[in-house]
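Shown next, in structure tokens, is the structure this report addresses.
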Amino acid sequence: MKEKTYVEDIDRSMYDFRNEEKDAYKVKEGLTPAIVEQISKEKNDPAWMQLFRLQSLQIYNSMEIPNWGPPIDELNMDQIVTYVRPNTKMSAKWSEVPDDIKDTFERLGIPQAERKSLAGVGAQYDSELVYHNVKAEVAAQGVVYTDLESAMHGEYADMIRTHFMKLVKPNDHKFAALHGAVWSGGSFVYVPPGVSVEIPLQSYFRLNAPGAGQFEHTLIIVDEGADLHFIEGCSAPKYNVANLHAGCVELFVGKNARLRYSTIENWSKNMYNLNTKRAIVEEGGVMEWVSGSFGSHTSYLYPMTILKGKDSRMEFTGITFAGKGQNLDTGAKVVHTGENTSSYINTRSISKDGGISTFRSSVTIGKNAKHSKAAVSCQSLMLDDISRSDTIPAMDIRTKDADVGHEAKIGKISDDAVFYLMSRGISEEDARAMIVSGFADNVSKELPLEYAVEMNNLIRLEMKGSIG
Amino acid sequence: MEKSMNMTINRLPAITWNRLKMNEAFVPDVKIPVAGTYEEQLGKHAGINLGSGLELHQADENEKQLFDSIETALGKDMDKLGENFPVEVIQCTDEKNPEAGNQAILNLTADGRYGRYFLYVKANTRMNVAVYCTSKEKEAEPFFLQLKIYAEENAKLDLTVVQTMDKKTKVFSDIGGILGKNASVDLVKMELGGKEVYSGAYMDLKEDSSSFKTHIGYLGEEKQRLDMNYVARHHGRKTESLMESSGVLSGEAFKLFRGTIDFVKGCPGSVGNEKEDVLLLGDDVVNQTIPLILCAEEDVEGNHGASIGELDEKTLFYLMSRGFTKEAAEKMIARARLDAVAGQIKEPSIREKTLKYLEERQ
């Protein structure tokens, strides 16, 4: 009888370390108007924001839990702490960050990456940013990279008010409403017209407190003709209680501007990752998403792009790796409303050791999006027969002047390919890891080198012990 | 007794965002067909032509039980709607001579009644059933058809359903089946008319090496609404499914095609392929497609491909360089696509009738 491959669970020791809780302040578990008002007071919100939070809470309470995705019955909001302020203020110097928190980010390689290859870094620990800095030469170009709270009170207050949760409205879905009510932390980036930021900016989100939620808000405006690469990373230690991440990302890509938004998501496997990301692209603008989903217990993640301006375009490149105990529902959405727009969604998903991976997408081409093109390609790899992989792509085309293609493929690692590599002296474990890395090549080749190496390490760790 | 019911039909096996409105079709106020006695129903047999090797009878209790256990594409509301209607069984009587005379042609008209047929294909036999559906002149009665298939070991069924209703008729055309070991069903389904059309097929490839192949052709024009749901559920090992659909939409036509290949755990060696080509010819058409591949088995192969849009520039340029106008070129290609599906019909008289219908429609 053919022997089955056994794939070990990932070694998460480099992410799975925890610090003693030394938070300065946290709200009670649960979600009530009093808690929302308390968060608002703690954060010294302007009046409009306080009202916005309370209205969002009302919307949250009036909306149903999605009936179409992975089960989230075990997520009990009465047991989630929605705001945890660490015992430090935000600083632009690592030396001013408390040792235990600094040590966390050092172990994750953030300060090192900042020195080597980043134009600026924001580091969030639980509900607040603890470090934010941007290189002087980038700031000199007029690039603004700061925490959202500071921006809301400073000279960009009007800009924040004009853009905040205008793309993702609280009534979009239940967890967008939750975000609107209890959001905290996150970054604001503004790139002025014509400015090209040569090396990426990065925000890293670390959730240390057990049973807590993280609700950071990222707002990026790339003005006409500007160019930016923004990287987002996230991780958390594993606890035996549910943690929740319901962040929100709103991206505004101006005329002829370009924004690349890369994410390596590696939350621990007790995390419910119910995140919302959306971009709107003006004439001639380009939006590029690069997305790697490796962590979380349950994920709902579908970055959406609205191609509003004519000749705008979007590319989404993603990989999802679902292992033991994980139910990762990921994909992308695109809405073409401008003429001559184009989109390309290219994803890979891997399921092993009982993991469930679902690719879900929607492509909508509106009546006025004449001469638009859309292509979707999704490939899924099943590494054993106890896992699951589903593909649910929807297309809605409302003009004849469109060209839409779709291809989906599902299957296993080719025995012939493994045999070929083994006949060249490579062990079966390495051969299979090599094939899976190659399968994930669509994402790794789009990432900066350091991140591609990290992603390939994650895959190698996932595949470790894969012989039987 | 209620005279109408709200129906929720054509539900996706795995649902997605509700705002897309693709998960199922909700049809309000469907006029409940009036049930008659079996003898009254026999009036419909005027349009049925059975080969010498087949027989038609009212389902007995066991057959009815089996019939009721078979899932269909439109779903439970379609069963509920027809619960007072007799089920007519078409089956092979001459098992010693399985190839000869096992042909049935059903010419059905929309008369507000509900035709429920059980195609019971016994082990090692072969049946060829062709259904041609038309409207009654000057009447706008809805059309209800449910075909359920039970194909035993090594059984083979060629099934054709061609629907050419007028633009006033609501059509509910439902198929479901269970396939035994090495059994196969080849289905050609053409939706060429109707005001609102709800159709589909759900095939359970229950035993090893069973196979379901379907070729679907549709033509949507003016304000027609086509809502389809096709599901191949792979249970047995080394099972095979193929769904090929080809359609043309013009005017303000709306079409939603749901196609699902479902690999259930325990079906290693199975293969499922799905392909859709849609030619869009109208500025106001709405084309929705949702092709699912659901997979709980490692050793399977599932593929889907779709191509949606207007006539590609190369083909158009070639035809126009040979003197065709754009409109003539589009018409010709549209016709060629549907002719290709009609060409798959195994029953010669229905094939010719369909091709003739398409010629007259042009």
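The chains in the structure tokens are called A, B, ... from first to last as shown; in each chain the residues are counted from 1, and the ligands are counted from 1 in the order shown.
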| Distance query stretch 233-239 of chain B at most 12 Å, only C-alpha atoms, self and fewer than 4 positions along chain excluded, as a ChimeraX atom specification | /B:13,71-73,176-185,201-213,259-273,292-302
For chain A versus chain B, which residues have an atom no more than 8 Å away, and what is each residue's nearest atom pair and distance in Å rounded to one decimal, using only C-alpha atoms, chain-then-number order, as JSON lines?
```
{"residue": "A:Trp68", "atom": "CA", "partner": "B:Thr16", "partner_atom": "CA", "distance": 5.2}
{"residue": "A:Gly69", "atom": "CA", "partner": "B:Thr16", "partner_atom": "CA", "distance": 7.3}
{"residue": "A:Arg360", "atom": "CA", "partner": "B:Thr16", "partner_atom": "CA", "distance": 7.8}
{"residue": "A:Lys367", "atom": "CA", "partner": "B:Asp284", "partner_atom": "CA", "distance": 7.5}
{"residue": "A:Met382", "atom": "CA", "partner": "B:Glu298", "partner_atom": "CA", "distance": 5.2}
{"residue": "A:Leu383", "atom": "CA", "partner": "B:Glu298", "partner_atom": "CA", "distance": 6.4}
{"residue": "A:Asp384", "atom": "CA", "partner": "B:Glu298", "partner_atom": "CA", "distance": 5.2}
{"residue": "A:Asp385", "atom": "CA", "partner": "B:Glu298", "partner_atom": "CA", "distance": 4.6}
{"residue": "A:Ile386", "atom": "CA", "partner": "B:Ala296", "partner_atom": "CA", "distance": 7.1}
{"residue": "A:Ser387", "atom": "CA", "partner": "B:Ala296", "partner_atom": "CA", "distance": 6.2}
{"residue": "A:Arg388", "atom": "CA", "partner": "B:Ala296", "partner_atom": "CA", "distance": 4.5}
{"residue": "A:Ser389", "atom": "CA", "partner": "B:Cys295", "partner_atom": "CA", "distance": 5.2}
{"residue": "A:Asp390", "atom": "CA", "partner": "B:Leu294", "partner_atom": "CA", "distance": 4.4}
{"residue": "A:Thr391", "atom": "CA", "partner": "B:Ile293", "partner_atom": "CA", "distance": 5.1}
{"residue": "A:Ile392", "atom": "CA", "partner": "B:Leu292", "partner_atom": "CA", "distance": 5.0}
{"residue": "A:Pro393", "atom": "CA", "partner": "B:Ile290", "partner_atom": "CA", "distance": 5.8}
{"residue": "A:Ala394", "atom": "CA", "partner": "B:Ile290", "partner_atom": "CA", "distance": 4.5}
{"residue": "A:Met395", "atom": "CA", "partner": "B:Thr289", "partner_atom": "CA", "distance": 5.2}
{"residue": "A:Asp396", "atom": "CA", "partner": "B:Gln288", "partner_atom": "CA", "distance": 4.4}
{"residue": "A:Ile397", "atom": "CA", "partner": "B:Asn287", "partner_atom": "CA", "distance": 5.0}
{"residue": "A:Arg398", "atom": "CA", "partner": "B:Val286", "partner_atom": "CA", "distance": 4.6}
{"residue": "A:Thr399", "atom": "CA", "partner": "B:Asp283", "partner_atom": "CA", "distance": 5.6}
{"residue": "A:Lys400", "atom": "CA", "partner": "B:Leu280", "partner_atom": "CA", "distance": 4.9}
{"residue": "A:Asp401", "atom": "CA", "partner": "B:Glu310", "partner_atom": "CA", "distance": 6.1}
{"residue": "A:Ala402", "atom": "CA", "partner": "B:Gly309", "partner_atom": "CA", "distance": 5.1}
{"residue": "A:Asp403", "atom": "CA", "partner": "B:Gly309", "partner_atom": "CA", "distance": 4.7}
{"residue": "A:Val404", "atom": "CA", "partner": "B:Ile308", "partner_atom": "CA", "distance": 5.0}
{"residue": "A:Gly405", "atom": "CA", "partner": "B:Ser307", "partner_atom": "CA", "distance": 4.7}
{"residue": "A:His406", "atom": "CA", "partner": "B:Ala306", "partner_atom": "CA", "distance": 4.9}
{"residue": "A:Glu407", "atom": "CA", "partner": "B:Gly305", "partner_atom": "CA", "distance": 4.3}
{"residue": "A:Ala408", "atom": "CA", "partner": "B:His304", "partner_atom": "CA", "distance": 4.9}
{"residue": "A:Lys409", "atom": "CA", "partner": "B:Asn303", "partner_atom": "CA", "distance": 4.5}
{"residue": "A:Ile410", "atom": "CA", "partner": "B:Gly302", "partner_atom": "CA", "distance": 5.0}
{"residue": "A:Gly411", "atom": "CA", "partner": "B:Glu301", "partner_atom": "CA", "distance": 4.9}
{"residue": "A:Lys412", "atom": "CA", "partner": "B:Glu298", "partner_atom": "CA", "distance": 5.8}
```
| said: When you look at stretch 115-131 of chain B with a cut-off of 7 Å (counting only C-alpha atoms), what residues show up, excluding the ones that are within fewer than 6 positions of it in the same chain? I need them as a ChimeraX atom specification. | reply: /B:67,86-92,95,98-99,102-107,144-162,347,350
| request: Write out as a PyMOL selection string which residues come within 10 Å of A:Glu114 when counting only C-alpha atoms, dropping same-chain ones fewer than 4 positions away. | output: chain A and resi 109-110+118-122+133-135+200-202
| query | Please, which residues of stretch 90-188 of chain B, numbered as in this document, come out strand (DSSP E) from DSSP, as a PyMOL selection string? | reply | chain B and resi 90-92+103-110+114-121+126-135+143-151+156-164+170-179+184-188
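One finds atom CA of A:Asn243 at 14.9 Å from atom CA of A:Lys26.
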| field | B:Thr134 surroundings by only C-alpha atoms, 9 Å radius, close-in-sequence under 5 positions cut, as an NGL selection string | value | :B and (107-110 or 162-166 or 193)
Any chance you could list, as a PDB file with N, CA and C atoms, in the first residue's frame, the residues in stretch 152-284 of chain A that come up alpha helix (DSSP H) when DSSP is run on the backbone?
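File written: selection-v1.pdb
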```
ATOM      1  N   MET A 152      -4.670  62.603  13.509  1.00  0.00           N
ATOM      2  CA  MET A 152      -6.049  63.057  13.694  1.00  0.00           C
ATOM      3  C   MET A 152      -6.114  64.371  14.488  1.00  0.00           C
ATOM      4  N   HIS A 153      -5.075  64.624  15.283  1.00  0.00           N
ATOM      5  CA  HIS A 153      -5.063  65.837  16.093  1.00  0.00           C
ATOM      6  C   HIS A 153      -4.186  66.928  15.495  1.00  0.00           C
ATOM      7  N   ALA A 157      -5.597  66.613  10.297  1.00  0.00           N
ATOM      8  CA  ALA A 157      -6.895  66.257  10.894  1.00  0.00           C
ATOM      9  C   ALA A 157      -8.022  66.230   9.855  1.00  0.00           C
ATOM     10  N   ASP A 158      -8.043  67.227   8.978  1.00  0.00           N
ATOM     11  CA  ASP A 158      -9.124  67.285   7.976  1.00  0.00           C
ATOM     12  C   ASP A 158      -9.013  66.132   6.986  1.00  0.00           C
ATOM     13  N   MET A 159      -7.772  65.847   6.613  1.00  0.00           N
ATOM     14  CA  MET A 159      -7.549  64.752   5.659  1.00  0.00           C
ATOM     15  C   MET A 159      -8.016  63.413   6.250  1.00  0.00           C
ATOM     16  N   ILE A 160      -7.737  63.245   7.536  1.00  0.00           N
ATOM     17  CA  ILE A 160      -8.173  61.998   8.192  1.00  0.00           C
ATOM     18  C   ILE A 160      -9.707  61.949   8.213  1.00  0.00           C
ATOM     19  N   ARG A 161     -10.308  63.051   8.586  1.00  0.00           N
ATOM     20  CA  ARG A 161     -11.770  63.062   8.703  1.00  0.00           C
ATOM     21  C   ARG A 161     -12.426  62.800   7.341  1.00  0.00           C
ATOM     22  N   THR A 162     -11.793  63.318   6.272  1.00  0.00           N
ATOM     23  CA  THR A 162     -12.352  63.123   4.922  1.00  0.00           C
ATOM     24  C   THR A 162     -12.238  61.669   4.465  1.00  0.00           C
ATOM     25  N   HIS A 163     -11.195  60.991   4.919  1.00  0.00           N
ATOM     26  CA  HIS A 163     -10.940  59.648   4.381  1.00  0.00           C
ATOM     27  C   HIS A 163     -11.269  58.498   5.333  1.00  0.00           C
ATOM     28  N   LYS A 174     -20.330  43.178   9.695  1.00  0.00           N
ATOM     29  CA  LYS A 174     -20.363  43.260  11.169  1.00  0.00           C
ATOM     30  C   LYS A 174     -19.002  43.642  11.769  1.00  0.00           C
ATOM     31  N   PHE A 175     -17.923  43.107  11.206  1.00  0.00           N
ATOM     32  CA  PHE A 175     -16.624  43.348  11.823  1.00  0.00           C
ATOM     33  C   PHE A 175     -16.004  44.667  11.377  1.00  0.00           C
ATOM     34  N   ALA A 176     -16.531  45.235  10.298  1.00  0.00           N
ATOM     35  CA  ALA A 176     -16.149  46.611   9.946  1.00  0.00           C
ATOM     36  C   ALA A 176     -16.785  47.551  10.971  1.00  0.00           C
ATOM     37  N   ALA A 177     -18.011  47.236  11.351  1.00  0.00           N
ATOM     38  CA  ALA A 177     -18.689  48.041  12.381  1.00  0.00           C
ATOM     39  C   ALA A 177     -17.961  47.924  13.717  1.00  0.00           C
ATOM     40  N   LEU A 178     -17.538  46.712  14.046  1.00  0.00           N
ATOM     41  CA  LEU A 178     -16.785  46.508  15.286  1.00  0.00           C
ATOM     42  C   LEU A 178     -15.516  47.363  15.261  1.00  0.00           C
ATOM     43  N   HIS A 179     -14.837  47.337  14.116  1.00  0.00           N
ATOM     44  CA  HIS A 179     -13.620  48.129  13.967  1.00  0.00           C
ATOM     45  C   HIS A 179     -13.917  49.613  14.200  1.00  0.00           C
ATOM     46  N   GLY A 180     -14.980  50.080  13.577  1.00  0.00           N
ATOM     47  CA  GLY A 180     -15.357  51.490  13.716  1.00  0.00           C
ATOM     48  C   GLY A 180     -15.587  51.878  15.176  1.00  0.00           C
ATOM     49  N   ALA A 181     -16.082  50.924  15.951  1.00  0.00           N
ATOM     50  CA  ALA A 181     -16.393  51.217  17.354  1.00  0.00           C
ATOM     51  C   ALA A 181     -15.153  51.224  18.245  1.00  0.00           C
ATOM     52  N   VAL A 182     -14.223  50.303  18.004  1.00  0.00           N
ATOM     53  CA  VAL A 182     -13.136  50.137  18.989  1.00  0.00           C
ATOM     54  C   VAL A 182     -11.739  50.278  18.391  1.00  0.00           C
TER      55      VAL A 182
END
```
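Nearest to B:Lys31 of all the residues B:Val188, B:Ala232, B:Ala140, B:Ala59 is B:Ala140, counting only C-alpha atoms.
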| task | Name the residues in contact with stretch 207-221 of chain A at a cut-off of 7 Å, using only C-alpha atoms, excluding same-chain residues fewer than 5 positions from it; report them as JSON, numbers by chain. | result | {"A": [18, 19, 21, 79, 80, 81, 82, 125, 126, 127, 179, 182, 183, 184, 185, 186, 187, 188, 189, 190, 191, 235, 236, 237, 239, 241, 242, 243, 244, 245, 246, 247, 248, 249, 250, 251, 252, 253]}
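Across the structure, atom CA of B:Phe172 and atom CA of A:Thr364 are spaced 27.8 Å apart.
Of note, atom CA of A:Gly284 and atom CA of A:Ser262 are spaced 20.7 Å apart.
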| request: Could you give me, as a PyMOL selection string, the residues within 7 Å of B:Ala253, counting only C-alpha atoms and dropping anything in the same chain fewer than 5 positions from it? | output: chain B and resi 220-225+285-286
I need the residues from that last selection saved to file as a PDB file, in the first residue's frame (with all heavy atoms), if you can.
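Dumped everything to out17.pdb:
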```pdb
ATOM      1  N   GLY B 220     -29.757  33.648 -24.587  1.00  0.00           N
ATOM      2  CA  GLY B 220     -30.561  34.612 -23.832  1.00  0.00           C
ATOM      3  C   GLY B 220     -30.667  35.898 -24.619  1.00  0.00           C
ATOM      4  O   GLY B 220     -29.658  36.444 -25.053  1.00  0.00           O
ATOM      5  N   GLU B 221     -31.881  36.372 -24.804  1.00  0.00           N
ATOM      6  CA  GLU B 221     -32.036  37.634 -25.525  1.00  0.00           C
ATOM      7  C   GLU B 221     -33.176  38.436 -24.923  1.00  0.00           C
ATOM      8  O   GLU B 221     -33.882  37.957 -24.030  1.00  0.00           O
ATOM      9  CB  GLU B 221     -32.240  37.386 -27.020  1.00  0.00           C
ATOM     10  CG  GLU B 221     -33.328  36.403 -27.324  1.00  0.00           C
ATOM     11  CD  GLU B 221     -33.416  36.042 -28.793  1.00  0.00           C
ATOM     12  OE1 GLU B 221     -32.415  36.133 -29.508  1.00  0.00           O
ATOM     13  OE2 GLU B 221     -34.513  35.676 -29.214  1.00  0.00           O
ATOM     14  N   GLU B 222     -33.327  39.646 -25.419  1.00  0.00           N
ATOM     15  CA  GLU B 222     -34.335  40.582 -24.884  1.00  0.00           C
ATOM     16  C   GLU B 222     -34.240  40.618 -23.356  1.00  0.00           C
ATOM     17  O   GLU B 222     -33.163  40.846 -22.830  1.00  0.00           O
ATOM     18  CB  GLU B 222     -35.728  40.208 -25.393  1.00  0.00           C
ATOM     19  CG  GLU B 222     -35.813  40.337 -26.916  1.00  0.00           C
ATOM     20  CD  GLU B 222     -37.091  39.768 -27.477  1.00  0.00           C
ATOM     21  OE1 GLU B 222     -38.054  39.568 -26.733  1.00  0.00           O
ATOM     22  OE2 GLU B 222     -37.108  39.519 -28.705  1.00  0.00           O
ATOM     23  N   LYS B 223     -35.377  40.329 -22.677  1.00  0.00           N
ATOM     24  CA  LYS B 223     -35.327  40.427 -21.212  1.00  0.00           C
ATOM     25  C   LYS B 223     -35.341  39.060 -20.542  1.00  0.00           C
ATOM     26  O   LYS B 223     -35.780  38.935 -19.381  1.00  0.00           O
ATOM     27  CB  LYS B 223     -36.489  41.273 -20.721  1.00  0.00           C
ATOM     28  CG  LYS B 223     -36.338  42.720 -21.134  1.00  0.00           C
ATOM     29  CD  LYS B 223     -37.359  43.594 -20.482  1.00  0.00           C
ATOM     30  CE  LYS B 223     -37.028  45.040 -20.809  1.00  0.00           C
ATOM     31  NZ  LYS B 223     -37.905  46.000 -20.224  1.00  0.00           N
ATOM     32  N   GLN B 224     -34.868  38.075 -21.232  1.00  0.00           N
ATOM     33  CA  GLN B 224     -34.886  36.719 -20.666  1.00  0.00           C
ATOM     34  C   GLN B 224     -33.998  36.619 -19.428  1.00  0.00           C
ATOM     35  O   GLN B 224     -32.982  37.313 -19.325  1.00  0.00           O
ATOM     36  CB  GLN B 224     -34.352  35.734 -21.705  1.00  0.00           C
ATOM     37  CG  GLN B 224     -35.420  35.190 -22.623  1.00  0.00           C
ATOM     38  CD  GLN B 224     -34.804  34.226 -23.605  1.00  0.00           C
ATOM     39  OE1 GLN B 224     -34.122  34.649 -24.531  1.00  0.00           O
ATOM     40  NE2 GLN B 224     -35.044  32.963 -23.401  1.00  0.00           N
ATOM     41  N   ARG B 225     -34.376  35.718 -18.557  1.00  0.00           N
ATOM     42  CA  ARG B 225     -33.605  35.495 -17.334  1.00  0.00           C
ATOM     43  C   ARG B 225     -33.318  34.000 -17.212  1.00  0.00           C
ATOM     44  O   ARG B 225     -34.245  33.185 -17.135  1.00  0.00           O
ATOM     45  CB  ARG B 225     -34.447  35.989 -16.156  1.00  0.00           C
ATOM     46  CG  ARG B 225     -33.726  36.014 -14.870  1.00  0.00           C
ATOM     47  CD  ARG B 225     -34.568  36.546 -13.737  1.00  0.00           C
ATOM     48  NE  ARG B 225     -33.801  36.379 -12.514  1.00  0.00           N
ATOM     49  CZ  ARG B 225     -32.960  37.284 -12.033  1.00  0.00           C
ATOM     50  NH1 ARG B 225     -32.823  38.433 -12.637  1.00  0.00           N
ATOM     51  NH2 ARG B 225     -32.251  37.047 -10.938  1.00  0.00           N
ATOM     52  N   VAL B 285     -26.464  43.393 -21.289  1.00  0.00           N
ATOM     53  CA  VAL B 285     -26.541  42.027 -20.764  1.00  0.00           C
ATOM     54  C   VAL B 285     -25.938  41.977 -19.360  1.00  0.00           C
ATOM     55  O   VAL B 285     -25.119  42.817 -18.989  1.00  0.00           O
ATOM     56  CB  VAL B 285     -25.778  41.012 -21.656  1.00  0.00           C
ATOM     57  CG1 VAL B 285     -26.428  40.864 -23.005  1.00  0.00           C
ATOM     58  CG2 VAL B 285     -24.310  41.392 -21.786  1.00  0.00           C
ATOM     59  N   VAL B 286     -26.366  40.996 -18.590  1.00  0.00           N
ATOM     60  CA  VAL B 286     -25.749  40.724 -17.290  1.00  0.00           C
ATOM     61  C   VAL B 286     -25.346  39.255 -17.289  1.00  0.00           C
ATOM     62  O   VAL B 286     -26.185  38.376 -17.482  1.00  0.00           O
ATOM     63  CB  VAL B 286     -26.725  40.988 -16.122  1.00  0.00           C
ATOM     64  CG1 VAL B 286     -26.084  40.602 -14.792  1.00  0.00           C
ATOM     65  CG2 VAL B 286     -27.150  42.445 -16.097  1.00  0.00           C
TER      66      VAL B 286
END
```
